[in-house]
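With PDB, C-alpha atoms (C1' of nucleotides) inside, this is target.pdb:
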ATOM      1  CA  MET A   1     -15.474 -45.164  23.864  1.00  0.00           C
ATOM      2  CA  HIS A   2     -18.320 -45.908  26.184  1.00  0.00           C
ATOM      3  CA  GLN A   3     -18.987 -42.216  26.268  1.00  0.00           C
ATOM      4  CA  PRO A   4     -19.481 -40.962  22.697  1.00  0.00           C
ATOM      5  CA  LYS A   5     -19.764 -37.428  23.853  1.00  0.00           C
ATOM      6  CA  ARG A   6     -18.228 -35.866  26.890  1.00  0.00           C
ATOM      7  CA  GLU A   7     -20.325 -32.822  27.436  1.00  0.00           C
ATOM      8  CA  ILE A   8     -18.918 -30.154  29.611  1.00  0.00           C
ATOM      9  CA  GLU A   9     -22.164 -29.409  31.277  1.00  0.00           C
ATOM     10  CA  PRO A  10     -21.921 -27.132  34.282  1.00  0.00           C
ATOM     11  CA  ALA A  11     -23.966 -28.059  37.310  1.00  0.00           C
ATOM     12  CA  ALA A  12     -26.666 -25.633  38.286  1.00  0.00           C
ATOM     13  CA  ASN A  13     -24.501 -24.400  41.119  1.00  0.00           C
ATOM     14  CA  ALA A  14     -21.201 -24.597  39.277  1.00  0.00           C
ATOM     15  CA  ALA A  15     -18.806 -21.848  40.261  1.00  0.00           C
ATOM     16  CA  GLN A  16     -17.379 -21.541  36.741  1.00  0.00           C
ATOM     17  CA  PRO A  17     -20.002 -22.076  34.061  1.00  0.00           C
ATOM     18  CA  VAL A  18     -18.786 -22.773  30.540  1.00  0.00           C
ATOM     19  CA  PRO A  19     -18.293 -19.416  28.835  1.00  0.00           C
ATOM     20  CA  SER A  20     -20.698 -18.794  25.992  1.00  0.00           C
ATOM     21  CA  PHE A  21     -19.687 -16.999  22.816  1.00  0.00           C
ATOM     22  CA  TYR A  22     -20.964 -13.804  24.374  1.00  0.00           C
ATOM     23  CA  GLU A  23     -18.814 -14.277  27.442  1.00  0.00           C
ATOM     24  CA  ARG A  24     -15.779 -14.899  25.287  1.00  0.00           C
ATOM     25  CA  VAL A  25     -16.494 -11.700  23.378  1.00  0.00           C
ATOM     26  CA  TYR A  26     -16.691  -9.766  26.616  1.00  0.00           C
ATOM     27  CA  ALA A  27     -13.536 -11.327  28.010  1.00  0.00           C
ATOM     28  CA  PHE A  28     -11.619 -10.422  24.859  1.00  0.00           C
ATOM     29  CA  VAL A  29     -12.913  -6.870  24.649  1.00  0.00           C
ATOM     30  CA  ARG A  30     -11.872  -6.333  28.249  1.00  0.00           C
ATOM     31  CA  LEU A  31      -8.298  -6.755  27.053  1.00  0.00           C
ATOM     32  CA  VAL A  32      -8.422  -3.789  24.711  1.00  0.00           C
ATOM     33  CA  PRO A  33      -6.401  -1.023  26.357  1.00  0.00           C
ATOM     34  CA  ARG A  34      -7.574   2.527  26.839  1.00  0.00           C
ATOM     35  CA  GLY A  35      -6.989   4.732  23.821  1.00  0.00           C
ATOM     36  CA  SER A  36      -7.138   1.813  21.379  1.00  0.00           C
ATOM     37  CA  VAL A  37      -9.827   0.248  19.223  1.00  0.00           C
ATOM     38  CA  ILE A  38     -10.483  -3.097  17.580  1.00  0.00           C
ATOM     39  CA  THR A  39     -12.892  -4.135  14.859  1.00  0.00           C
ATOM     40  CA  TYR A  40     -15.819  -6.538  15.121  1.00  0.00           C
ATOM     41  CA  GLY A  41     -14.092  -8.723  12.583  1.00  0.00           C
ATOM     42  CA  ASN A  42     -10.864  -8.892  14.554  1.00  0.00           C
ATOM     43  CA  VAL A  43     -12.662  -9.896  17.719  1.00  0.00           C
ATOM     44  CA  ALA A  44     -14.357 -12.678  15.787  1.00  0.00           C
ATOM     45  CA  LEU A  45     -11.018 -13.677  14.292  1.00  0.00           C
ATOM     46  CA  TYR A  46      -9.349 -14.023  17.657  1.00  0.00           C
ATOM     47  CA  LEU A  47     -12.281 -15.958  19.019  1.00  0.00           C
ATOM     48  CA  GLY A  48     -11.737 -18.549  16.327  1.00  0.00           C
ATOM     49  CA  SER A  49     -14.711 -17.645  14.125  1.00  0.00           C
ATOM     50  CA  PRO A  50     -13.393 -15.262  11.456  1.00  0.00           C
ATOM     51  CA  MET A  51     -16.831 -14.874   9.922  1.00  0.00           C
ATOM     52  CA  ALA A  52     -18.692 -14.095  13.105  1.00  0.00           C
ATOM     53  CA  ALA A  53     -18.242 -10.333  13.088  1.00  0.00           C
ATOM     54  CA  ARG A  54     -21.962  -9.928  13.001  1.00  0.00           C
ATOM     55  CA  ALA A  55     -22.413 -12.092  16.044  1.00  0.00           C
ATOM     56  CA  VAL A  56     -19.886  -9.951  17.899  1.00  0.00           C
ATOM     57  CA  GLY A  57     -22.010  -6.891  17.369  1.00  0.00           C
ATOM     58  CA  TYR A  58     -24.994  -8.920  18.476  1.00  0.00           C
ATOM     59  CA  ALA A  59     -23.182  -9.783  21.682  1.00  0.00           C
ATOM     60  CA  LEU A  60     -22.250  -6.196  22.449  1.00  0.00           C
ATOM     61  CA  ASN A  61     -25.822  -5.176  21.817  1.00  0.00           C
ATOM     62  CA  ALA A  62     -26.875  -7.560  24.568  1.00  0.00           C
ATOM     63  CA  LEU A  63     -24.691  -5.867  27.190  1.00  0.00           C
ATOM     64  CA  GLN A  64     -26.552  -4.649  30.217  1.00  0.00           C
ATOM     65  CA  PRO A  65     -25.889  -1.226  31.685  1.00  0.00           C
ATOM     66  CA  GLY A  66     -23.358  -1.285  34.463  1.00  0.00           C
ATOM     67  CA  ASN A  67     -21.184  -3.925  32.807  1.00  0.00           C
ATOM     68  CA  ASP A  68     -17.400  -3.759  33.016  1.00  0.00           C
ATOM     69  CA  VAL A  69     -16.794  -4.234  29.307  1.00  0.00           C
ATOM     70  CA  PRO A  70     -15.212  -1.357  27.340  1.00  0.00           C
ATOM     71  CA  TRP A  71     -17.639  -1.915  24.479  1.00  0.00           C
ATOM     72  CA  TRP A  72     -16.974   1.538  23.038  1.00  0.00           C
ATOM     73  CA  ARG A  73     -13.549   0.415  21.848  1.00  0.00           C
ATOM     74  CA  VAL A  74     -15.111  -1.850  19.198  1.00  0.00           C
ATOM     75  CA  ILE A  75     -15.721  -0.210  15.809  1.00  0.00           C
ATOM     76  CA  ASN A  76     -16.190  -1.429  12.248  1.00  0.00           C
ATOM     77  CA  ALA A  77     -13.598  -2.443   9.658  1.00  0.00           C
ATOM     78  CA  GLN A  78     -13.728   1.030   8.100  1.00  0.00           C
ATOM     79  CA  GLY A  79     -12.614   2.594  11.360  1.00  0.00           C
ATOM     80  CA  ALA A  80     -16.005   4.158  11.908  1.00  0.00           C
ATOM     81  CA  ILE A  81     -18.579   3.934  14.645  1.00  0.00           C
ATOM     82  CA  VAL A  82     -21.676   2.013  13.672  1.00  0.00           C
ATOM     83  CA  TYR A  83     -24.810   4.154  14.096  1.00  0.00           C
ATOM     84  CA  LYS A  84     -27.406   1.783  12.716  1.00  0.00           C
ATOM     85  CA  ASN A  85     -30.182   0.857  15.152  1.00  0.00           C
ATOM     86  CA  ARG A  86     -28.410   2.298  18.167  1.00  0.00           C
ATOM     87  CA  GLY A  87     -30.132   5.411  19.364  1.00  0.00           C
ATOM     88  CA  THR A  88     -27.756   7.631  21.307  1.00  0.00           C
ATOM     89  CA  SER A  89     -25.316   4.947  22.415  1.00  0.00           C
ATOM     90  CA  ALA A  90     -23.316   5.545  19.243  1.00  0.00           C
ATOM     91  CA  ASP A  91     -22.848   9.198  20.127  1.00  0.00           C
ATOM     92  CA  LEU A  92     -21.806   8.155  23.604  1.00  0.00           C
ATOM     93  CA  GLN A  93     -19.318   5.753  22.051  1.00  0.00           C
ATOM     94  CA  ARG A  94     -17.672   8.498  20.057  1.00  0.00           C
ATOM     95  CA  ALA A  95     -17.493  10.760  23.100  1.00  0.00           C
ATOM     96  CA  LEU A  96     -15.893   8.030  25.191  1.00  0.00           C
ATOM     97  CA  LEU A  97     -13.314   7.300  22.507  1.00  0.00           C
ATOM     98  CA  GLU A  98     -12.430  10.925  22.024  1.00  0.00           C
ATOM     99  CA  ARG A  99     -12.011  11.185  25.754  1.00  0.00           C
ATOM    100  CA  GLU A 100      -9.346   8.501  25.359  1.00  0.00           C
ATOM    101  CA  ALA A 101      -7.657  10.589  22.667  1.00  0.00           C
ATOM    102  CA  VAL A 102      -8.881   8.553  19.711  1.00  0.00           C
ATOM    103  CA  VAL A 103      -9.237  10.943  16.766  1.00  0.00           C
ATOM    104  CA  PHE A 104     -11.972  10.889  14.119  1.00  0.00           C
ATOM    105  CA  ASP A 105     -11.608  12.754  10.843  1.00  0.00           C
ATOM    106  CA  SER A 106     -14.290  14.865   9.187  1.00  0.00           C
ATOM    107  CA  GLU A 107     -15.869  11.726   7.772  1.00  0.00           C
ATOM    108  CA  GLY A 108     -16.070   9.997  11.112  1.00  0.00           C
ATOM    109  CA  HIS A 109     -13.186   7.628  10.522  1.00  0.00           C
ATOM    110  CA  ALA A 110     -10.437   6.844  12.999  1.00  0.00           C
ATOM    111  CA  ASP A 111      -7.017   5.909  11.638  1.00  0.00           C
ATOM    112  CA  LEU A 112      -6.890   2.170  12.240  1.00  0.00           C
ATOM    113  CA  GLY A 113      -3.204   2.088  11.402  1.00  0.00           C
ATOM    114  CA  ARG A 114      -2.704   4.288  14.398  1.00  0.00           C
ATOM    115  CA  PHE A 115      -5.336   3.266  16.929  1.00  0.00           C
ATOM    116  CA  ARG A 116      -6.026  -0.381  16.196  1.00  0.00           C
ATOM    117  CA  TRP A 117      -4.964  -2.746  18.940  1.00  0.00           C
ATOM    118  CA  TRP A 118      -3.632  -6.214  18.261  1.00  0.00           C
ATOM    119  CA  PRO A 119      -3.506  -8.746  21.060  1.00  0.00           C
ATOM    120  CA  PRO A 120      -0.028  -9.753  22.247  1.00  0.00           C
ATOM    121  CA  GLU A 121       1.427 -12.652  20.288  1.00  0.00           C
ATOM    122  CA  VAL A 122       1.081 -16.051  21.823  1.00  0.00           C
TER
ATOM    123  C1'  DA B 123     -36.679 -27.502  15.746  1.00  0.00           C
ATOM    124  C1'  DA B 124     -36.601 -24.396  11.677  1.00  0.00           C
ATOM    125  C1'  DG B 125     -36.587 -19.635  10.499  1.00  0.00           C
ATOM    126  C1'  DG B 126     -35.786 -14.698  11.568  1.00  0.00           C
ATOM    127  C1'  DT B 127     -32.709 -11.001  13.204  1.00  0.00           C
ATOM    128  C1'  DG B 128     -28.753  -7.908  13.455  1.00  0.00           C
ATOM    129  C1'  DA B 129     -23.517  -2.606  16.872  1.00  0.00           C
ATOM    130  C1'  DC B 130     -20.551  -6.919  10.183  1.00  0.00           C
ATOM    131  C1'  DT B 131     -17.895  -7.689   5.778  1.00  0.00           C
ATOM    132  C1'  DG B 132     -15.982  -7.958   1.308  1.00  0.00           C
ATOM    133  C1'  DG B 133     -17.099  -7.988  -3.433  1.00  0.00           C
ATOM    134  C1'  DC B 134     -19.370  -6.044  -7.499  1.00  0.00           C
ATOM    135  C1'  DG B 135     -21.652  -2.792 -10.626  1.00  0.00           C
TER
ATOM    136  C1'  DT C 136     -16.179   6.392  -4.208  1.00  0.00           C
ATOM    137  C1'  DC C 137     -20.902   4.664  -2.909  1.00  0.00           C
ATOM    138  C1'  DG C 138     -24.630   1.759  -2.278  1.00  0.00           C
ATOM    139  C1'  DC C 139     -26.472  -2.823  -2.685  1.00  0.00           C
ATOM    140  C1'  DC C 140     -26.190  -7.907  -1.839  1.00  0.00           C
ATOM    141  C1'  DA C 141     -25.342 -12.288  -0.326  1.00  0.00           C
ATOM    142  C1'  DG C 142     -22.701 -14.858   3.005  1.00  0.00           C
ATOM    143  C1'  DC C 143     -21.852 -16.070   7.873  1.00  0.00           C
ATOM    144  C1'  DC C 144     -22.765 -16.677  13.022  1.00  0.00           C
ATOM    145  C1'  DA C 145     -24.797 -17.031  17.510  1.00  0.00           C
ATOM    146  C1'  DC C 146     -29.326 -16.341  19.712  1.00  0.00           C
ATOM    147  C1'  DC C 147     -34.093 -16.064  20.234  1.00  0.00           C
ATOM    148  C1'  DT C 148     -38.896 -17.456  19.243  1.00  0.00           C
TER
END

Write out the structure in this file as structure tokens.
Amino acid sequence: MHQPKREIEPAANAAQPVPSFYERVYAFVRLVPRGSVITYGNVALYLGSPMAARAVGYALNALQPGNDVPWWRVINAQGAIVYKNRGTSADLQRALLEREAVVFDSEGHADLGRFRWWPPEV
DNA sequence: AAGGTGACTGGCG
DNA sequence: TCGCCAGCCACCT
């Protein structure tokens, strides 16, 4: 009516700022249980933007060391760890997953049918 | 404010 | 099967 747009703009000192796409990615990834994996595409799907898989990877790339997000549980749709432009973090990712009993075959693929996690139904 | 970038994907040759 | 391409998105200059 008199207010065409009701922006949810957090005050500078707001206790709960509006979560950005990044924050929503992190919040979702925190739900993935130990020993399971999820794909970039699935994260995007559950965030309401099925085509934003790329942006999910972008978000994980922005994580700072010391975060509490289990980023290593996110792999690609082929069940493989993405090595492109990542230095040694990709090797670390594989090590962390194997430590959680996730198995990779000789071609570096994990069996999604076996390790993929799906969020509980609403 | 428009264009560039990238831890993605699915389709096609 | 494998590699290449264009499409798609959120962020950053």

Evaluating the PyMOL selection byres ((chain A) within 7 of (chain B)) on the displayed file yields which residues, as an mmCIF file with C-alpha atoms, in the frame of the given file?
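Saved result, expr-v2.cif, follows:
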data_model
loop_
_atom_site.group_PDB
_atom_site.id
_atom_site.type_symbol
_atom_site.label_atom_id
_atom_site.label_comp_id
_atom_site.auth_asym_id
_atom_site.auth_seq_id
_atom_site.Cartn_x
_atom_site.Cartn_y
_atom_site.Cartn_z
ATOM 1 C CA TYR A 40 -15.819 -6.538 15.121
ATOM 2 C CA ALA A 53 -18.242 -10.333 13.088
ATOM 3 C CA ARG A 54 -21.962 -9.928 13.001
ATOM 4 C CA GLY A 57 -22.010 -6.891 17.369
ATOM 5 C CA TYR A 58 -24.994 -8.920 18.476
ATOM 6 C CA LEU A 60 -22.250 -6.196 22.449
ATOM 7 C CA ASN A 61 -25.822 -5.176 21.817
ATOM 8 C CA VAL A 82 -21.676 2.013 13.672
#

- Message: Counting only C-alpha atoms (C1' of nucleotides), which residues have an atom no more than 10 Å from (-19.0, 8.7, 18.5) in the file's coordinates? Please list them as a list in words.
- Response: Trp72, Ile75, Ala80, Ile81, Val82, Tyr83, Thr88, Ser89, Ala90, Asp91, Leu92, Gln93, Arg94, Ala95, Leu96, Leu97, Glu98, Phe104, Gly108 and His109 of chain A

Using only C-alpha atoms (C1' of nucleotides), which residues of chain C come within 8 Å of chain A, and what is the closest atom pair for each, with the distance in Å to one decimal? Give it as a tab-separated table, sorted by chain and residue number.
residue	atom	partner	partner_atom	distance
C:DC143	C1'	A:Met51	CA	5.6
C:DC144	C1'	A:Ala52	CA	4.8
C:DA145	C1'	A:Ala55	CA	5.7

- Message: Just to confirm, what's the straight-line distance from CA of Gly79 in chain A to CA of Asp111 in chain A in Å (one decimal)?
- Response: 6.5 Å

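Picture a line from CA of Ser106 in chain A to CA of Gly35 in chain A; it runs 19.2 Å.
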
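The two atoms in question, CA of Arg34 in chain A and CA of Gly66 in chain A, are spaced 17.9 Å apart.
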
Any chance you could work out the axis-aligned box around range 94-101 of chain A, listed atoms only, 5 Å on each side, giving centre and edge lengths in Å to one decimal, as JSON?
{"center_x": -12.7, "center_y": 9.2, "center_z": 22.9, "size_x": 20.0, "size_y": 13.9, "size_z": 15.7}

Give me range 107-118 of chain A with all heavy atoms filled in, as a PDB file, keeping the file's coordinate frame.
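And here's out09.pdb as it stands now:
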ATOM      1  N   GLU A 107     -14.917  12.714   8.269  1.00  0.00           N
ATOM      2  CA  GLU A 107     -15.869  11.726   7.772  1.00  0.00           C
ATOM      3  C   GLU A 107     -16.206  10.683   8.821  1.00  0.00           C
ATOM      4  O   GLU A 107     -16.812   9.651   8.519  1.00  0.00           O
ATOM      5  CB  GLU A 107     -15.304  11.058   6.515  1.00  0.00           C
ATOM      6  CG  GLU A 107     -15.060  12.065   5.401  1.00  0.00           C
ATOM      7  CD  GLU A 107     -14.601  11.388   4.126  1.00  0.00           C
ATOM      8  OE1 GLU A 107     -14.248  10.192   4.179  1.00  0.00           O
ATOM      9  OE2 GLU A 107     -14.601  12.057   3.079  1.00  0.00           O
ATOM     10  N   GLY A 108     -15.759  10.937  10.035  1.00  0.00           N
ATOM     11  CA  GLY A 108     -16.070   9.997  11.112  1.00  0.00           C
ATOM     12  C   GLY A 108     -15.231   8.739  11.140  1.00  0.00           C
ATOM     13  O   GLY A 108     -15.620   7.732  11.719  1.00  0.00           O
ATOM     14  N   HIS A 109     -14.063   8.800  10.514  1.00  0.00           N
ATOM     15  CA  HIS A 109     -13.186   7.628  10.522  1.00  0.00           C
ATOM     16  C   HIS A 109     -11.962   7.831  11.398  1.00  0.00           C
ATOM     17  O   HIS A 109     -11.319   8.875  11.346  1.00  0.00           O
ATOM     18  CB  HIS A 109     -12.716   7.308   9.104  1.00  0.00           C
ATOM     19  CG  HIS A 109     -13.800   6.803   8.205  1.00  0.00           C
ATOM     20  ND1 HIS A 109     -14.682   7.633   7.548  1.00  0.00           N
ATOM     21  CD2 HIS A 109     -14.155   5.539   7.876  1.00  0.00           C
ATOM     22  CE1 HIS A 109     -15.537   6.912   6.845  1.00  0.00           C
ATOM     23  NE2 HIS A 109     -15.244   5.639   7.021  1.00  0.00           N
ATOM     24  N   ALA A 110     -11.639   6.799  12.168  1.00  0.00           N
ATOM     25  CA  ALA A 110     -10.437   6.844  12.999  1.00  0.00           C
ATOM     26  C   ALA A 110      -9.360   6.123  12.195  1.00  0.00           C
ATOM     27  O   ALA A 110      -9.667   5.219  11.428  1.00  0.00           O
ATOM     28  CB  ALA A 110     -10.692   6.117  14.312  1.00  0.00           C
ATOM     29  N   ASP A 111      -8.128   6.540  12.357  1.00  0.00           N
ATOM     30  CA  ASP A 111      -7.017   5.909  11.638  1.00  0.00           C
ATOM     31  C   ASP A 111      -6.677   4.579  12.304  1.00  0.00           C
ATOM     32  O   ASP A 111      -6.034   4.536  13.339  1.00  0.00           O
ATOM     33  CB  ASP A 111      -5.805   6.835  11.682  1.00  0.00           C
ATOM     34  CG  ASP A 111      -4.640   6.266  10.870  1.00  0.00           C
ATOM     35  OD1 ASP A 111      -4.735   5.101  10.427  1.00  0.00           O
ATOM     36  OD2 ASP A 111      -3.647   6.992  10.682  1.00  0.00           O
ATOM     37  N   LEU A 112      -7.121   3.489  11.658  1.00  0.00           N
ATOM     38  CA  LEU A 112      -6.890   2.170  12.240  1.00  0.00           C
ATOM     39  C   LEU A 112      -5.401   1.869  12.350  1.00  0.00           C
ATOM     40  O   LEU A 112      -4.940   1.212  13.278  1.00  0.00           O
ATOM     41  CB  LEU A 112      -7.590   1.093  11.402  1.00  0.00           C
ATOM     42  CG  LEU A 112      -9.114   1.040  11.545  1.00  0.00           C
ATOM     43  CD1 LEU A 112      -9.694  -0.027  10.634  1.00  0.00           C
ATOM     44  CD2 LEU A 112      -9.482   0.745  12.993  1.00  0.00           C
ATOM     45  N   GLY A 113      -4.642   2.352  11.378  1.00  0.00           N
ATOM     46  CA  GLY A 113      -3.204   2.088  11.402  1.00  0.00           C
ATOM     47  C   GLY A 113      -2.561   2.675  12.651  1.00  0.00           C
ATOM     48  O   GLY A 113      -1.476   2.268  13.057  1.00  0.00           O
ATOM     49  N   ARG A 114      -3.253   3.595  13.234  1.00  0.00           N
ATOM     50  CA  ARG A 114      -2.704   4.288  14.398  1.00  0.00           C
ATOM     51  C   ARG A 114      -3.360   3.870  15.719  1.00  0.00           C
ATOM     52  O   ARG A 114      -2.690   3.765  16.742  1.00  0.00           O
ATOM     53  CB  ARG A 114      -2.925   5.777  14.178  1.00  0.00           C
ATOM     54  CG  ARG A 114      -2.312   6.680  15.213  1.00  0.00           C
ATOM     55  CD  ARG A 114      -2.504   8.142  14.772  1.00  0.00           C
ATOM     56  NE  ARG A 114      -2.596   9.028  15.905  1.00  0.00           N
ATOM     57  CZ  ARG A 114      -3.135  10.244  15.843  1.00  0.00           C
ATOM     58  NH1 ARG A 114      -3.634  10.676  14.695  1.00  0.00           N
ATOM     59  NH2 ARG A 114      -3.167  11.001  16.909  1.00  0.00           N
ATOM     60  N   PHE A 115      -4.650   3.602  15.680  1.00  0.00           N
ATOM     61  CA  PHE A 115      -5.336   3.266  16.929  1.00  0.00           C
ATOM     62  C   PHE A 115      -5.724   1.805  17.115  1.00  0.00           C
ATOM     63  O   PHE A 115      -6.117   1.397  18.198  1.00  0.00           O
ATOM     64  CB  PHE A 115      -6.605   4.114  17.060  1.00  0.00           C
ATOM     65  CG  PHE A 115      -6.327   5.583  17.099  1.00  0.00           C
ATOM     66  CD1 PHE A 115      -6.581   6.371  15.983  1.00  0.00           C
ATOM     67  CD2 PHE A 115      -5.778   6.179  18.228  1.00  0.00           C
ATOM     68  CE1 PHE A 115      -6.313   7.745  16.008  1.00  0.00           C
ATOM     69  CE2 PHE A 115      -5.509   7.544  18.264  1.00  0.00           C
ATOM     70  CZ  PHE A 115      -5.773   8.334  17.149  1.00  0.00           C
ATOM     71  N   ARG A 116      -5.624   1.023  16.061  1.00  0.00           N
ATOM     72  CA  ARG A 116      -6.026  -0.381  16.196  1.00  0.00           C
ATOM     73  C   ARG A 116      -5.103  -1.147  17.138  1.00  0.00           C
ATOM     74  O   ARG A 116      -3.895  -1.058  17.054  1.00  0.00           O
ATOM     75  CB  ARG A 116      -6.052  -1.075  14.841  1.00  0.00           C
ATOM     76  CG  ARG A 116      -6.158  -2.567  15.024  1.00  0.00           C
ATOM     77  CD  ARG A 116      -6.726  -3.357  13.886  1.00  0.00           C
ATOM     78  NE  ARG A 116      -6.523  -2.847  12.554  1.00  0.00           N
ATOM     79  CZ  ARG A 116      -7.292  -3.210  11.526  1.00  0.00           C
ATOM     80  NH1 ARG A 116      -8.261  -4.081  11.713  1.00  0.00           N
ATOM     81  NH2 ARG A 116      -7.083  -2.731  10.338  1.00  0.00           N
ATOM     82  N   TRP A 117      -5.733  -1.933  17.995  1.00  0.00           N
ATOM     83  CA  TRP A 117      -4.964  -2.746  18.940  1.00  0.00           C
ATOM     84  C   TRP A 117      -4.934  -4.192  18.480  1.00  0.00           C
ATOM     85  O   TRP A 117      -5.933  -4.738  18.012  1.00  0.00           O
ATOM     86  CB  TRP A 117      -5.620  -2.683  20.322  1.00  0.00           C
ATOM     87  CG  TRP A 117      -4.985  -3.587  21.335  1.00  0.00           C
ATOM     88  CD1 TRP A 117      -3.805  -3.372  21.992  1.00  0.00           C
ATOM     89  CD2 TRP A 117      -5.489  -4.847  21.809  1.00  0.00           C
ATOM     90  NE1 TRP A 117      -3.553  -4.420  22.847  1.00  0.00           N
ATOM     91  CE2 TRP A 117      -4.566  -5.330  22.757  1.00  0.00           C
ATOM     92  CE3 TRP A 117      -6.632  -5.602  21.522  1.00  0.00           C
ATOM     93  CZ2 TRP A 117      -4.743  -6.545  23.429  1.00  0.00           C
ATOM     94  CZ3 TRP A 117      -6.809  -6.807  22.182  1.00  0.00           C
ATOM     95  CH2 TRP A 117      -5.865  -7.272  23.131  1.00  0.00           C
ATOM     96  N   TRP A 118      -3.767  -4.793  18.591  1.00  0.00           N
ATOM     97  CA  TRP A 118      -3.632  -6.214  18.261  1.00  0.00           C
ATOM     98  C   TRP A 118      -3.226  -6.906  19.542  1.00  0.00           C
ATOM     99  O   TRP A 118      -2.355  -6.416  20.261  1.00  0.00           O
ATOM    100  CB  TRP A 118      -2.537  -6.434  17.216  1.00  0.00           C
ATOM    101  CG  TRP A 118      -2.871  -5.854  15.884  1.00  0.00           C
ATOM    102  CD1 TRP A 118      -2.418  -4.668  15.370  1.00  0.00           C
ATOM    103  CD2 TRP A 118      -3.722  -6.409  14.892  1.00  0.00           C
ATOM    104  NE1 TRP A 118      -2.944  -4.449  14.123  1.00  0.00           N
ATOM    105  CE2 TRP A 118      -3.747  -5.512  13.802  1.00  0.00           C
ATOM    106  CE3 TRP A 118      -4.482  -7.583  14.819  1.00  0.00           C
ATOM    107  CZ2 TRP A 118      -4.493  -5.740  12.650  1.00  0.00           C
ATOM    108  CZ3 TRP A 118      -5.220  -7.825  13.674  1.00  0.00           C
ATOM    109  CH2 TRP A 118      -5.218  -6.903  12.603  1.00  0.00           C
TER     110      TRP A 118
END
